[in-house]
Amino acid sequence: MGGQACVLYGAAQFSKDIDFLILAGESNFEGLHRALQELQARRIAVPRFSPGVLMRGHAVHFRCAAPGVDGLRVDVMTNLRDLPEFEILWQRRTTLDSGGDGQFHLLSIPDLVNAKKTQREKDWPVIEALVESHYSALQSEPNPDRLAFWFLESRTPERLVELCNRFAKEAAGFCEKRPLLALAKSGDLQALRGELDLEKRREQEKDRLYWEPLKREMEEFRRAERNAPQENS
């Protein structure tokens with residue numbers, strides 16, 4: 001669901017860790033523990049592993065020590081901001097065959113784009129690359145879902161102008177959801193760039209507000225951990 005998924009989609013070249021979104025459930029957590037033991041993974045930061053903590057939106061961070069993955073960081077979550085429950089994301093996933101070593105299950109590109117709408121500046125070029133990759137691969141096969149994704153998520157002014165010219169009838173239906181499309185219809189690239197920047201900043205602020213109470217909880221976790229016996233998992 002993170003940088004490695006972007007690498008597999010061709011929208012990034014490198015990622016130092018692997019982020020997993022997992023189904024919350026007792027049997028699945030047991031399986032996760034077994035996998036972490038096989039990877040010789042130790043928790044490296046707060047919070048401690050807890051289904052309740054994960055369900056509130058926190059990530060749990062591990063560092064692997066097994067041969068072949070020594071030093072690899074693994075982050076685990078069960079909830080993502082503004083995204084539906086796991087079962088829906090699983091139905092919409094992309095599955096890639098690894099060529100003999102099993103399969104990779106990735107968040108769909110639309111879901112990954114929404115997951116990448118964070119405060120971090122480095123995530124926004126990746127969003128642009130994901131949408132452009134999706135459009136490049138599927139532009140000859142437009143359908144209502146794909147058109148909605150392109151119109152509502154494209155971040156390149158020139159692409160938005162092209163979309164409004166190519167699908168003029170459909171564009172009118174998306175202007176209410178994304179008012180900056182009116183600028184794309186008029187071809188005003190300079191004004192469109194400004195509105196795209198404002199749109200990004202609004203999303204960044206939304207993400208900041210989402211994480212604010214979770215960060216306060218993190219401080220509580222740190223204080224509690226300083227006063228608790230050390231653990232290795």
# chains A, B, ... in the order shown; residues from 1 in each chain; ligands from 1
>>> select_by_dssp(residues="region 67-162 of chain A", states="alpha helix (DSSP H)", output="ChimeraX atom specification")
/A:86-91,109-115,123-138,144-153,157-162
>>> select_by_dssp(residues="region 103-166 of chain A", states="strand (DSSP E)", output="ChimeraX atom specification")
/A:103-106
>>> residues_around(residues="region 192-204 of chain A", least_positions_apart="6", cutoff="7 Å", atoms="only C-alpha atoms", output="list in words")
Lys117, Thr118, Gln119, Arg155, Pro157, Leu180, Leu183 and Ala184 of chain A
>>> closest_residue(among="A:Ala45, A:Met77, A:Leu36, A:Gly68", to="Leu23 (chain A)", atoms="only C-alpha atoms")
A:Met77
>>> closest_residue(among="A:Ala24, A:Ala41, A:Leu54, A:Val161", to="Leu189 (chain A)", atoms="only C-alpha atoms")
A:Val161
>>> closest_residue(among="A:Ala137, A:Leu209, A:Ile22, A:Leu163", to="Trp90 (chain A)", atoms="only C-alpha atoms")
A:Ile22
>>> residues_around(residues="Ala12 (chain A)", least_positions_apart="5", cutoff="7 Å", atoms="only C-alpha atoms", output="mmCIF file with N, CA and C atoms, in the first residue's frame")
data_model
loop_
_atom_site.group_PDB
_atom_site.id
_atom_site.type_symbol
_atom_site.label_atom_id
_atom_site.label_comp_id
_atom_site.auth_asym_id
_atom_site.auth_seq_id
_atom_site.Cartn_x
_atom_site.Cartn_y
_atom_site.Cartn_z
ATOM 1 N N CYS A 6 4.015 1.537 -5.304
ATOM 2 C CA CYS A 6 4.290 2.535 -6.341
ATOM 3 C C CYS A 6 5.410 2.067 -7.261
ATOM 4 N N VAL A 7 6.430 1.412 -6.697
ATOM 5 C CA VAL A 7 7.513 0.867 -7.515
ATOM 6 C C VAL A 7 6.964 -0.175 -8.488
ATOM 7 N N VAL A 126 4.451 11.472 -6.828
ATOM 8 C CA VAL A 126 4.104 10.064 -7.020
ATOM 9 C C VAL A 126 2.640 9.938 -7.412
#
>>> residues_around(residues="region 213-225 of chain A", least_positions_apart="3", cutoff="12 Å", atoms="only C-alpha atoms", output="list in words")
Ala45, Val46, Pro47, Arg48, Phe49, Ser50, Val53, Leu54, Met55, Arg56, Gly57, His58, Ala59, Val60, Arg81, Asp207, Arg208, Leu209, Tyr210, Ala228, Pro229, Gln230 and Glu231 of chain A
>>> write_last_selection(atoms="N, CA, C and O atoms", output="PDB file, in the first residue's frame")
ATOM      1  N   ALA A  45       9.608   1.134  17.157  1.00  0.00           N
ATOM      2  CA  ALA A  45       9.075   2.432  17.591  1.00  0.00           C
ATOM      3  C   ALA A  45       7.726   2.217  18.243  1.00  0.00           C
ATOM      4  O   ALA A  45       7.136   1.131  18.149  1.00  0.00           O
ATOM      5  N   VAL A  46       7.235   3.235  18.904  1.00  0.00           N
ATOM      6  CA  VAL A  46       5.874   3.170  19.399  1.00  0.00           C
ATOM      7  C   VAL A  46       4.949   3.379  18.207  1.00  0.00           C
ATOM      8  O   VAL A  46       5.330   4.041  17.227  1.00  0.00           O
ATOM      9  N   PRO A  47       3.727   2.821  18.309  1.00  0.00           N
ATOM     10  CA  PRO A  47       3.129   2.103  19.429  1.00  0.00           C
ATOM     11  C   PRO A  47       3.478   0.619  19.420  1.00  0.00           C
ATOM     12  O   PRO A  47       3.990   0.093  18.432  1.00  0.00           O
ATOM     13  N   ARG A  48       3.188  -0.028  20.527  1.00  0.00           N
ATOM     14  CA  ARG A  48       3.307  -1.478  20.590  1.00  0.00           C
ATOM     15  C   ARG A  48       2.239  -2.103  19.692  1.00  0.00           C
ATOM     16  O   ARG A  48       1.250  -1.468  19.359  1.00  0.00           O
ATOM     17  N   PHE A  49       2.466  -3.365  19.320  1.00  0.00           N
ATOM     18  CA  PHE A  49       1.470  -4.056  18.505  1.00  0.00           C
ATOM     19  C   PHE A  49       0.225  -4.315  19.333  1.00  0.00           C
ATOM     20  O   PHE A  49       0.273  -4.935  20.389  1.00  0.00           O
ATOM     21  N   SER A  50      -0.905  -3.850  18.830  1.00  0.00           N
ATOM     22  CA  SER A  50      -2.190  -4.059  19.476  1.00  0.00           C
ATOM     23  C   SER A  50      -3.281  -3.905  18.431  1.00  0.00           C
ATOM     24  O   SER A  50      -3.313  -2.891  17.722  1.00  0.00           O
ATOM     25  N   VAL A  53      -4.979  -0.581  18.826  1.00  0.00           N
ATOM     26  CA  VAL A  53      -4.176   0.550  18.361  1.00  0.00           C
ATOM     27  C   VAL A  53      -4.232   0.650  16.835  1.00  0.00           C
ATOM     28  O   VAL A  53      -4.391   1.727  16.268  1.00  0.00           O
ATOM     29  N   LEU A  54      -4.107  -0.486  16.155  1.00  0.00           N
ATOM     30  CA  LEU A  54      -4.176  -0.489  14.697  1.00  0.00           C
ATOM     31  C   LEU A  54      -5.552  -0.016  14.216  1.00  0.00           C
ATOM     32  O   LEU A  54      -5.647   0.734  13.237  1.00  0.00           O
ATOM     33  N   MET A  55      -6.593  -0.422  14.893  1.00  0.00           N
ATOM     34  CA  MET A  55      -7.935  -0.050  14.467  1.00  0.00           C
ATOM     35  C   MET A  55      -8.181   1.445  14.601  1.00  0.00           C
ATOM     36  O   MET A  55      -9.029   2.011  13.907  1.00  0.00           O
ATOM     37  N   ARG A  56      -7.429   2.114  15.477  1.00  0.00           N
ATOM     38  CA  ARG A  56      -7.586   3.567  15.622  1.00  0.00           C
ATOM     39  C   ARG A  56      -6.854   4.332  14.522  1.00  0.00           C
ATOM     40  O   ARG A  56      -6.988   5.552  14.429  1.00  0.00           O
ATOM     41  N   GLY A  57      -6.081   3.627  13.702  1.00  0.00           N
ATOM     42  CA  GLY A  57      -5.428   4.278  12.574  1.00  0.00           C
ATOM     43  C   GLY A  57      -3.923   4.364  12.674  1.00  0.00           C
ATOM     44  O   GLY A  57      -3.274   4.903  11.772  1.00  0.00           O
ATOM     45  N   HIS A  58      -3.336   3.848  13.759  1.00  0.00           N
ATOM     46  CA  HIS A  58      -1.884   3.887  13.912  1.00  0.00           C
ATOM     47  C   HIS A  58      -1.218   2.816  13.042  1.00  0.00           C
ATOM     48  O   HIS A  58      -1.847   1.837  12.639  1.00  0.00           O
ATOM     49  N   ALA A  59       0.074   3.001  12.778  1.00  0.00           N
ATOM     50  CA  ALA A  59       0.919   1.988  12.146  1.00  0.00           C
ATOM     51  C   ALA A  59       1.865   1.436  13.198  1.00  0.00           C
ATOM     52  O   ALA A  59       2.282   2.150  14.116  1.00  0.00           O
ATOM     53  N   VAL A  60       2.201   0.141  13.059  1.00  0.00           N
ATOM     54  CA  VAL A  60       3.202  -0.485  13.916  1.00  0.00           C
ATOM     55  C   VAL A  60       4.416  -0.789  13.042  1.00  0.00           C
ATOM     56  O   VAL A  60       4.281  -1.302  11.930  1.00  0.00           O
ATOM     57  N   ARG A  81      -6.904   6.679   6.182  1.00  0.00           N
ATOM     58  CA  ARG A  81      -7.774   7.858   6.161  1.00  0.00           C
ATOM     59  C   ARG A  81      -8.572   7.934   4.862  1.00  0.00           C
ATOM     60  O   ARG A  81      -8.034   7.823   3.768  1.00  0.00           O
ATOM     61  N   ASP A 207      -4.966  16.061   6.080  1.00  0.00           N
ATOM     62  CA  ASP A 207      -4.154  14.977   6.619  1.00  0.00           C
ATOM     63  C   ASP A 207      -3.544  15.371   7.959  1.00  0.00           C
ATOM     64  O   ASP A 207      -3.482  14.563   8.888  1.00  0.00           O
ATOM     65  N   ARG A 208      -3.094  16.621   8.051  1.00  0.00           N
ATOM     66  CA  ARG A 208      -2.509  17.086   9.313  1.00  0.00           C
ATOM     67  C   ARG A 208      -3.528  17.004  10.443  1.00  0.00           C
ATOM     68  O   ARG A 208      -3.217  16.546  11.551  1.00  0.00           O
ATOM     69  N   LEU A 209      -4.755  17.441  10.178  1.00  0.00           N
ATOM     70  CA  LEU A 209      -5.805  17.418  11.194  1.00  0.00           C
ATOM     71  C   LEU A 209      -6.164  15.981  11.587  1.00  0.00           C
ATOM     72  O   LEU A 209      -6.467  15.711  12.746  1.00  0.00           O
ATOM     73  N   TYR A 210      -6.121  15.078  10.608  1.00  0.00           N
ATOM     74  CA  TYR A 210      -6.422  13.668  10.905  1.00  0.00           C
ATOM     75  C   TYR A 210      -5.388  13.090  11.869  1.00  0.00           C
ATOM     76  O   TYR A 210      -5.729  12.360  12.806  1.00  0.00           O
ATOM     77  N   ALA A 228       7.732   1.407  31.286  1.00  0.00           N
ATOM     78  CA  ALA A 228       7.354  -0.011  31.241  1.00  0.00           C
ATOM     79  C   ALA A 228       8.585  -0.868  30.914  1.00  0.00           C
ATOM     80  O   ALA A 228       9.552  -0.379  30.339  1.00  0.00           O
ATOM     81  N   PRO A 229       8.554  -2.148  31.262  1.00  0.00           N
ATOM     82  CA  PRO A 229       9.667  -3.049  30.906  1.00  0.00           C
ATOM     83  C   PRO A 229       9.824  -3.118  29.393  1.00  0.00           C
ATOM     84  O   PRO A 229       8.838  -3.053  28.647  1.00  0.00           O
ATOM     85  N   GLN A 230      11.061  -3.251  28.909  1.00  0.00           N
ATOM     86  CA  GLN A 230      11.324  -3.336  27.485  1.00  0.00           C
ATOM     87  C   GLN A 230      10.819  -4.676  26.947  1.00  0.00           C
ATOM     88  O   GLN A 230      10.851  -5.698  27.642  1.00  0.00           O
ATOM     89  N   GLU A 231      10.328  -4.647  25.673  1.00  0.00           N
ATOM     90  CA  GLU A 231       9.910  -5.879  25.018  1.00  0.00           C
ATOM     91  C   GLU A 231      10.559  -5.967  23.662  1.00  0.00           C
ATOM     92  O   GLU A 231      11.055  -4.999  23.121  1.00  0.00           O
TER      93      GLU A 231
END
>>> residues_around(residues="Gly2 (chain A)", least_positions_apart="3", cutoff="9 Å", atoms="only C-alpha atoms", output="mmCIF file with C-alpha atoms, in the first residue's frame")
data_model
loop_
_atom_site.group_PDB
_atom_site.id
_atom_site.type_symbol
_atom_site.label_atom_id
_atom_site.label_comp_id
_atom_site.auth_asym_id
_atom_site.auth_seq_id
_atom_site.Cartn_x
_atom_site.Cartn_y
_atom_site.Cartn_z
ATOM 1 C CA ALA A 5 3.345 -0.652 -4.484
ATOM 2 C CA CYS A 6 4.290 2.535 -6.341
ATOM 3 C CA VAL A 7 7.513 0.867 -7.515
ATOM 4 C CA SER A 15 11.453 2.556 -1.502
ATOM 5 C CA ASP A 17 10.493 -0.088 3.438
ATOM 6 C CA ILE A 18 7.347 -2.128 2.827
ATOM 7 C CA ASP A 19 3.920 -0.978 4.024
ATOM 8 C CA PHE A 20 1.154 -3.524 4.471
ATOM 9 C CA LEU A 107 -3.971 -1.375 -3.519
ATOM 10 C CA LEU A 112 -3.248 4.131 -3.649
ATOM 11 C CA ALA A 115 -3.646 6.828 0.415
ATOM 12 C CA LYS A 116 -0.786 9.007 -0.859
#
>>> closest_residue(among="A:Leu160, A:Leu83, A:Cys64, A:Leu106", to="Val131 (chain A)", atoms="only C-alpha atoms")
A:Leu160
>>> closest_residue(among="A:Ala65, A:Ala182, A:Val113, A:Leu32", to="Pro51 (chain A)", atoms="only C-alpha atoms")
A:Leu32
>>> closest_residue(among="A:Trp124, A:Met1, A:Gly99, A:Gly10", to="Val76 (chain A)", atoms="only C-alpha atoms")
A:Met1
